[in-house]
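Q: Once you've had a glance at the structure underneath, I'll fire off some questions.
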Amino acid sequence: MTLGTTREAAPSTGGRVSTDWWRSAVVYQLYIRSFADGNGDGVGDIPGIRAHLGHLVDLGVDAVWINPWYPSPMADAGYDVSDYRAIEPAFGTAAEAAAMVGEAHAAGLRVLLDIVPNHTSAQHVWFRDAVAGDAAARARYIFRPGRGDGPPNDWKSVFGGRAWTQVPDGSWYLHLFDPGQPDLDWINAEVVTEFESILRFWFDRGVDGFRIDVAHGLAKAPGLPDVGDEPEELLSGGHRPDHPFWDRDEVHEIYRGWRRVADSYPDPKVFVAEAWVGSSERLLRYLRPDELHTAFNFPYLNAAWDAAALRSVIDDSLETFSTIGAPATWVLSNHDVVRHVSRLGRPHGDGGRHSLATLPPVETLDRELGTRRARAAAVLMLALPGSAYIYQGDELGLWEVEDLPDEVRQDPTWERSGHTDVGRDGCRVPIPWSGTAVPFGFSPPDATAAPWLPQPADFSGVTVAAQAADPGSMLALYRAALHLRRTHPALGGGGEPAWRDAPDGVLRFDREPGFSCIVNLSAAPTALPAGAQILLASAALTAAGELPVDGAAWLQLA
Ligand code: GLC
């Protein structure tokens with residue numbers, strides 16, 4: 001393993017000894033299937049991660065969140081877990097996982113895993129016993145008799161189709177996602193105990209925390225009432241009070257128990273919630289001092305490329321999170337949404353629609369524009385106080401691969417939507433590391449299989465190797481920004497941002513000491529404050545020394 005340059009501890013976090021490193025951490029989301037393939041079977045794995053930890057160190061992130069790596073039939077890319085205490089054989093072994101955690105720690109990186117508590121795999125021993133008729137096992141899931149010939153209620157799966165599947169004895173089980181993902185019944189004390197034990201299992205192995213999958217979905221309304229006529233997209237939640245399955249108050253008792261487990265460790269363990277809820281007020285409930293540490297800021301991900309929209313979501317986020325003493329978080333992309341280069345490069349810099357099914361057609365995409373905006377978006381995000389998430393490939397400026405052949409699509413959304421929604425495969429295409437031909441260093445030269453999703457030929461220009469050698473690349477921009485974030489006293493945990501007057505469509509905020517961030521979302525170049533020294537810029541200044549349209553810069557004020 002090559003580990004690149006030695007890291008300096010961020011002034012605000014003090015490195016690994018700090019107990020609140022997560023308050024200003026930059027976390028790299030590592031989608032294991034697509035990160036790096038060590039054994040040549042076309043699927044990313046733990047040996048691949050170990051061989052490329054140096055990339056994360058060189059990039060300058062503080063932590064890595066690894067998407068589910070547990071044994072899984074892969075009905076939903078690993079979000080259908082059949083054994084929460086083991087490693088999927090296609091990804092590696094328990095020994096390799098332990099070695100990886102140790103190596104990451106030695107390199108100064110914290111390790112977060114992904115826990116999937118809303119549902120297990122249909123191949124989990126609990127569910128197999130349940131289908132075989134074991135009453136105790138059945139009581140851990142949500143089995144109900146049908147209503148007449150039909151399912152127990154009108155709930156729809158977020159992947160399309162109904163949320164109920166019938167088993168041979170005629171009863172139905174609930175699955176808010178794929179039929180291969182039966183929902184657990186969190187009323188059942190065995191479920192509660194089991195998940196606290198799973199947390200301890202990984203904490204005892206040195207893992208630093210968890211991202212909680214569908215954190216807003218675990219509790220279901222007593223009696224499972226009909227939901228009525230409401231669209232249920234994957235990334236929805238809490239649109240109305242007392243929703244029968246999203247963001248119910250009962251989920252909070254679960255997280256109080258989890259927090260007690262986390263706090264029983266001397267080196268504190270942290271949680272980040274995936275909670276798609278209706279308002280900041282609802283999100284705050286997850287962040288009460290005896291619950292979770294952080295939550296993804298999806299309103300920020302959803303914001304359009306528009307100065308007023310961004311300013312309002314930044315203000316709202318900072319205010320909301322601070323009322324409860326939680327750090328704000330920032331995120332632009334993840335494995336469930338269209339990559340932001342391809343969202344921002346569409347008319348109006350569409351932020352909010354993250355499914356290809358609802359975005360304007362690919363013919364309207366200007367990828368160069370999207371890339372320019374993505375550079376500015378990174379510069380803006382990394383200047384904000386709190387913690388930020390980078391989805392693997394963001395640092396390379398990867399775009400959504402929109403022309404995957406139908407026969408390779410694996411996201412269950414594609415089948416379950418009756419081929420009306422292509423789903424999320426386009427943001428999950430394997431990373432290009434080096435070289436000029438497929439598999440671009442993703443798999444070793446003697447690989448026996450092609451990458452699990454085909455990479456487009458134009459990945460050739462954006463490999464890690466190509467970008468590392470190019471000071472104007474997206475990778476160079478991310479590395480420079482993350483280095484400054486560690487070393488500049490105003491960044492990371494520095495002063496609160498203060499907005500400064502700026503022309504219409506231009507955002508400018510200062511942070512003490514002496515730092516300013518300026519983002520030009522207007523239609524004309526904009527002047528920089530007099531005497532300011534440029535620390536970093538997403539684009540070259542104009543001949544007149546102005547910041548171009550869709551450019552962003554960090555400045556040292558005179
Ligand atoms: C979360 C995951 C997504 C998965 C779903 C069901 O939203 O991020 O990838 O399909 O939960 O587990």
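Note on naming: chains are A, B, ... as they come in the structure tokens, residues start from 1 per chain, ligands start from 1 in the order shown.
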Please identify the residues whose atoms come within 7 Å of ligand 1, using only C-alpha atoms and all ligand atoms, and report them as JSON, numbers by chain.
A: {"A": [76, 79, 80, 116, 177, 213, 214, 234, 235, 335, 336]}
Q: Name the residues in contact with stretch 146-152 of chain A at a cut-off of 12 Å, using only C-alpha atoms, excluding same-chain residues fewer than 2 positions from it; report them as a compact mmCIF listing (two decimals) with N, CA and C atoms, in the first residue's frame.
A:
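Final output, selection.txt:
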# COMPACT_ATOMS: atom_id res chain seq x y z
N ILE A 142 -43.12 -7.77 9.44
CA ILE A 142 -44.48 -7.26 9.43
C ILE A 142 -45.32 -8.12 8.47
N PHE A 143 -45.82 -9.22 9.00
CA PHE A 143 -46.70 -10.12 8.25
C PHE A 143 -48.14 -9.79 8.61
N ARG A 144 -49.01 -9.75 7.62
CA ARG A 144 -50.43 -9.48 7.90
C ARG A 144 -51.27 -10.28 6.91
N ASP A 154 -52.68 -0.01 1.22
CA ASP A 154 -52.37 0.57 -0.11
C ASP A 154 -50.93 1.04 -0.25
N TRP A 155 -50.04 0.65 0.67
CA TRP A 155 -48.69 1.20 0.62
C TRP A 155 -47.95 0.72 -0.62
N LYS A 156 -47.16 1.68 -1.19
CA LYS A 156 -46.37 1.37 -2.39
C LYS A 156 -44.89 1.26 -2.03
N GLY A 161 -44.40 -0.34 -7.64
CA GLY A 161 -45.22 -1.51 -7.32
C GLY A 161 -45.66 -1.50 -5.86
N ARG A 162 -46.41 -2.54 -5.45
CA ARG A 162 -46.90 -2.49 -4.08
C ARG A 162 -45.84 -2.93 -3.08
N ALA A 163 -46.06 -2.51 -1.84
CA ALA A 163 -45.07 -2.74 -0.78
C ALA A 163 -45.32 -4.06 -0.06
N TRP A 164 -46.14 -4.93 -0.65
CA TRP A 164 -46.48 -6.20 0.00
C TRP A 164 -46.26 -7.35 -0.96
N THR A 165 -45.76 -8.45 -0.42
CA THR A 165 -45.62 -9.68 -1.21
C THR A 165 -46.21 -10.82 -0.39
N GLN A 166 -46.88 -11.72 -1.12
CA GLN A 166 -47.58 -12.82 -0.47
C GLN A 166 -46.66 -14.03 -0.36
N VAL A 167 -46.72 -14.73 0.76
CA VAL A 167 -45.94 -15.97 0.92
C VAL A 167 -46.88 -17.16 0.72
N ASP A 169 -48.26 -19.44 2.40
CA ASP A 169 -49.44 -19.70 3.25
C ASP A 169 -50.52 -18.63 3.10
N GLY A 170 -50.33 -17.69 2.19
CA GLY A 170 -51.38 -16.71 1.89
C GLY A 170 -51.21 -15.38 2.60
N SER A 171 -50.35 -15.31 3.64
CA SER A 171 -50.19 -14.01 4.30
C SER A 171 -49.20 -13.15 3.51
N TRP A 172 -49.17 -11.87 3.87
CA TRP A 172 -48.36 -10.89 3.13
C TRP A 172 -47.30 -10.31 4.05
N TYR A 173 -46.14 -9.96 3.49
CA TYR A 173 -45.14 -9.24 4.30
C TYR A 173 -44.84 -7.90 3.66
N LEU A 174 -44.49 -6.95 4.54
CA LEU A 174 -44.24 -5.57 4.10
C LEU A 174 -42.79 -5.41 3.64
N HIS A 175 -42.61 -4.71 2.52
CA HIS A 175 -41.27 -4.29 2.09
C HIS A 175 -41.41 -2.91 1.46
N GLY A 223 -51.66 -0.39 13.41
CA GLY A 223 -52.80 -0.68 12.55
C GLY A 223 -52.50 -0.51 11.07
N LEU A 224 -51.31 0.00 10.72
CA LEU A 224 -50.88 0.15 9.33
C LEU A 224 -51.97 0.75 8.43
N PRO A 225 -52.42 1.96 8.77
CA PRO A 225 -53.50 2.58 7.98
C PRO A 225 -53.07 2.90 6.55
N ASP A 226 -54.03 2.95 5.65
CA ASP A 226 -53.75 3.35 4.26
C ASP A 226 -53.05 4.71 4.25
N VAL A 227 -52.17 4.88 3.27
CA VAL A 227 -51.46 6.16 3.16
C VAL A 227 -52.22 7.13 2.26
Q: Kindly indicate which residue among A:His488, A:Arg138, A:Lys220, A:Arg416 lies nearest to A:Glu512, using only C-alpha atoms for the distances.
A: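 Among A:His488, A:Arg138, A:Lys220, A:Arg416, it is A:His488 that comes nearest to A:Glu512.
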Q: Select from stretch 381-512 of chain A everything DSSP, run on the backbone, classes as strand (DSSP E or B), then give the selection as a list in words.
A: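 Selecting the strand (DSSP E or B) positions of stretch 381-512 of chain A gives Ser387, Ala388, Tyr389, Ile390, Tyr391, Ala498, Trp499, Val506, Leu507, Arg508, Phe509, Asp510 and Arg511 of chain A.
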Q: Could you tell me which of A:Gly133, A:Arg288, A:Val429, A:Glu274 comes closest to A:His252 if we count only C-alpha atoms?
A: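 Residue with the minimum atom-to-atom distance to A:His252: A:Arg288.
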Q: May I ask for the distance between atom CA of A:Ala97 and atom CA of A:Arg260, given in Å to one decimal place?
A: 25.6 Å
Q: Using only C-alpha atoms, find the one residue out of A:Ala523, A:Ala357, A:Ile187, A:Ile324 that sits nearest to A:Pro222.
A: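 Counting only C-alpha atoms, the residue closest to A:Pro222 is A:Ile187.
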Q: Might you pull out every residue within 10 Å of A:Ala530, with only C-alpha atoms counted and same-chain residues fewer than 2 positions away left off, and present them as a ChimeraX atom specification?
A: /A:527-528,532-533,557-558
Q: What would the file look like if the residues just selected were written as an mmCIF file, in the first residue's frame with all heavy atoms?
A:
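Output saved as result_25.cif:
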data_model
loop_
_atom_site.group_PDB
_atom_site.id
_atom_site.type_symbol
_atom_site.label_atom_id
_atom_site.label_comp_id
_atom_site.auth_asym_id
_atom_site.auth_seq_id
_atom_site.Cartn_x
_atom_site.Cartn_y
_atom_site.Cartn_z
ATOM 1 N N ALA A 527 -16.151 41.658 -9.822
ATOM 2 C CA ALA A 527 -14.864 42.120 -9.277
ATOM 3 C C ALA A 527 -14.601 41.460 -7.928
ATOM 4 O O ALA A 527 -15.525 41.120 -7.190
ATOM 5 C CB ALA A 527 -14.897 43.630 -9.122
ATOM 6 N N LEU A 528 -13.333 41.290 -7.601
ATOM 7 C CA LEU A 528 -12.946 40.753 -6.297
ATOM 8 C C LEU A 528 -12.682 41.918 -5.348
ATOM 9 O O LEU A 528 -12.362 43.022 -5.796
ATOM 10 C CB LEU A 528 -11.683 39.898 -6.447
ATOM 11 C CG LEU A 528 -11.865 38.663 -7.335
ATOM 12 C CD1 LEU A 528 -10.528 37.954 -7.534
ATOM 13 C CD2 LEU A 528 -12.884 37.708 -6.729
ATOM 14 N N ALA A 532 -7.413 41.792 -2.029
ATOM 15 C CA ALA A 532 -7.516 40.392 -1.592
ATOM 16 C C ALA A 532 -6.517 39.535 -2.361
ATOM 17 O O ALA A 532 -6.268 39.757 -3.543
ATOM 18 C CB ALA A 532 -8.931 39.887 -1.819
ATOM 19 N N GLN A 533 -6.002 38.537 -1.649
ATOM 20 C CA GLN A 533 -5.078 37.611 -2.300
ATOM 21 C C GLN A 533 -5.824 36.305 -2.545
ATOM 22 O O GLN A 533 -6.541 35.812 -1.663
ATOM 23 C CB GLN A 533 -3.898 37.406 -1.344
ATOM 24 C CG GLN A 533 -2.879 36.404 -1.780
ATOM 25 C CD GLN A 533 -2.176 35.779 -0.563
ATOM 26 O OE1 GLN A 533 -2.071 36.387 0.498
ATOM 27 N NE2 GLN A 533 -1.712 34.543 -0.741
ATOM 28 N N LEU A 557 -8.088 38.129 2.958
ATOM 29 C CA LEU A 557 -8.361 39.567 2.921
ATOM 30 C C LEU A 557 -7.159 40.346 3.428
ATOM 31 O O LEU A 557 -6.407 39.862 4.281
ATOM 32 C CB LEU A 557 -9.605 39.878 3.756
ATOM 33 C CG LEU A 557 -10.878 39.213 3.231
ATOM 34 C CD1 LEU A 557 -12.048 39.460 4.180
ATOM 35 C CD2 LEU A 557 -11.213 39.692 1.818
ATOM 36 N N ALA A 558 -7.040 41.537 2.878
ATOM 37 C CA ALA A 558 -5.880 42.378 3.248
ATOM 38 C C ALA A 558 -5.996 42.779 4.715
ATOM 39 O O ALA A 558 -7.075 42.915 5.253
ATOM 40 C CB ALA A 558 -5.863 43.614 2.364
#
Q: Considering only C-alpha atoms, state which residue in the set A:Phe296, A:Trp452, A:Phe509, A:Trp414 is at the smallest distance from A:Phe159.
A: A:Trp414
Q: May I have the residues within 6 Å of stretch 345-349 of chain A as JSON, numbers by chain, using only C-alpha atoms and disregarding those fewer than 2 positions away in the same chain?
A: {"A": [304, 305, 341, 342, 343, 364, 365, 366, 367, 369, 370]}
Q: Can you measure atom CA of A:Gly54 to atom CA of A:His105 for me? One decimal in Å is fine.
A: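 Computing it gives 12.3 Å between the two atoms.
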Q: Please give the complete set of residues from stretch 272-456 of chain A that DSSP, run on the backbone, assigns to alpha helix (DSSP H), formatted as a PyMOL selection string.
A: chain A and resi 280-284+298-302+307-323+340-344+367-381+412-416
Q: A:Arg140: which residues within 7 Å, counting only C-alpha atoms, same-chain residues fewer than 4 positions away excluded, as a list in words?
A: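 Counting only the stated atoms, we get Ala136, Leu184, Asp185, Asn188 and Val191 of chain A.
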Q: Keeping only all heavy atoms, write the selected residues to a file as a JSON list (two decimals), in the first residue's frame.
A:
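Result went into part-v7.json, see below:
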[["chain", "number", "residue", "atom", "x", "y", "z"],
["A", 136, "ALA", "N", -41.91, -17.02, 16.20],
["A", 136, "ALA", "CA", -41.05, -15.98, 16.80],
["A", 136, "ALA", "C", -40.33, -15.21, 15.70],
["A", 136, "ALA", "O", -40.16, -13.99, 15.79],
["A", 136, "ALA", "CB", -40.05, -16.63, 17.75],
["A", 184, "LEU", "N", -38.39, -4.90, 9.00],
["A", 184, "LEU", "CA", -38.40, -5.43, 10.37],
["A", 184, "LEU", "C", -39.50, -4.73, 11.16],
["A", 184, "LEU", "O", -39.89, -3.61, 10.85],
["A", 184, "LEU", "CB", -37.04, -5.17, 11.03],
["A", 184, "LEU", "CG", -35.91, -6.07, 10.50],
["A", 184, "LEU", "CD1", -34.55, -5.48, 10.86],
["A", 184, "LEU", "CD2", -36.05, -7.49, 11.05],
["A", 185, "ASP", "N", -39.96, -5.40, 12.23],
["A", 185, "ASP", "CA", -40.94, -4.78, 13.12],
["A", 185, "ASP", "C", -40.21, -4.28, 14.36],
["A", 185, "ASP", "O", -39.87, -5.06, 15.25],
["A", 185, "ASP", "CB", -42.03, -5.79, 13.49],
["A", 185, "ASP", "CG", -43.16, -5.10, 14.21],
["A", 185, "ASP", "OD1", -42.99, -3.91, 14.60],
["A", 185, "ASP", "OD2", -44.23, -5.71, 14.39],
["A", 188, "ASN", "N", -40.77, -5.06, 18.12],
["A", 188, "ASN", "CA", -40.29, -6.31, 18.67],
["A", 188, "ASN", "C", -38.95, -6.10, 19.41],
["A", 188, "ASN", "O", -37.97, -5.67, 18.81],
["A", 188, "ASN", "CB", -40.12, -7.30, 17.52],
["A", 188, "ASN", "CG", -39.80, -8.69, 18.00],
["A", 188, "ASN", "OD1", -38.97, -8.88, 18.88],
["A", 188, "ASN", "ND2", -40.46, -9.68, 17.42],
["A", 191, "VAL", "N", -35.63, -7.33, 17.97],
["A", 191, "VAL", "CA", -35.04, -6.53, 16.89],
["A", 191, "VAL", "C", -34.17, -5.43, 17.50],
["A", 191, "VAL", "O", -33.02, -5.20, 17.10],
["A", 191, "VAL", "CB", -36.15, -5.93, 15.99],
["A", 191, "VAL", "CG1", -35.56, -4.96, 14.97],
["A", 191, "VAL", "CG2", -36.92, -7.05, 15.30]]
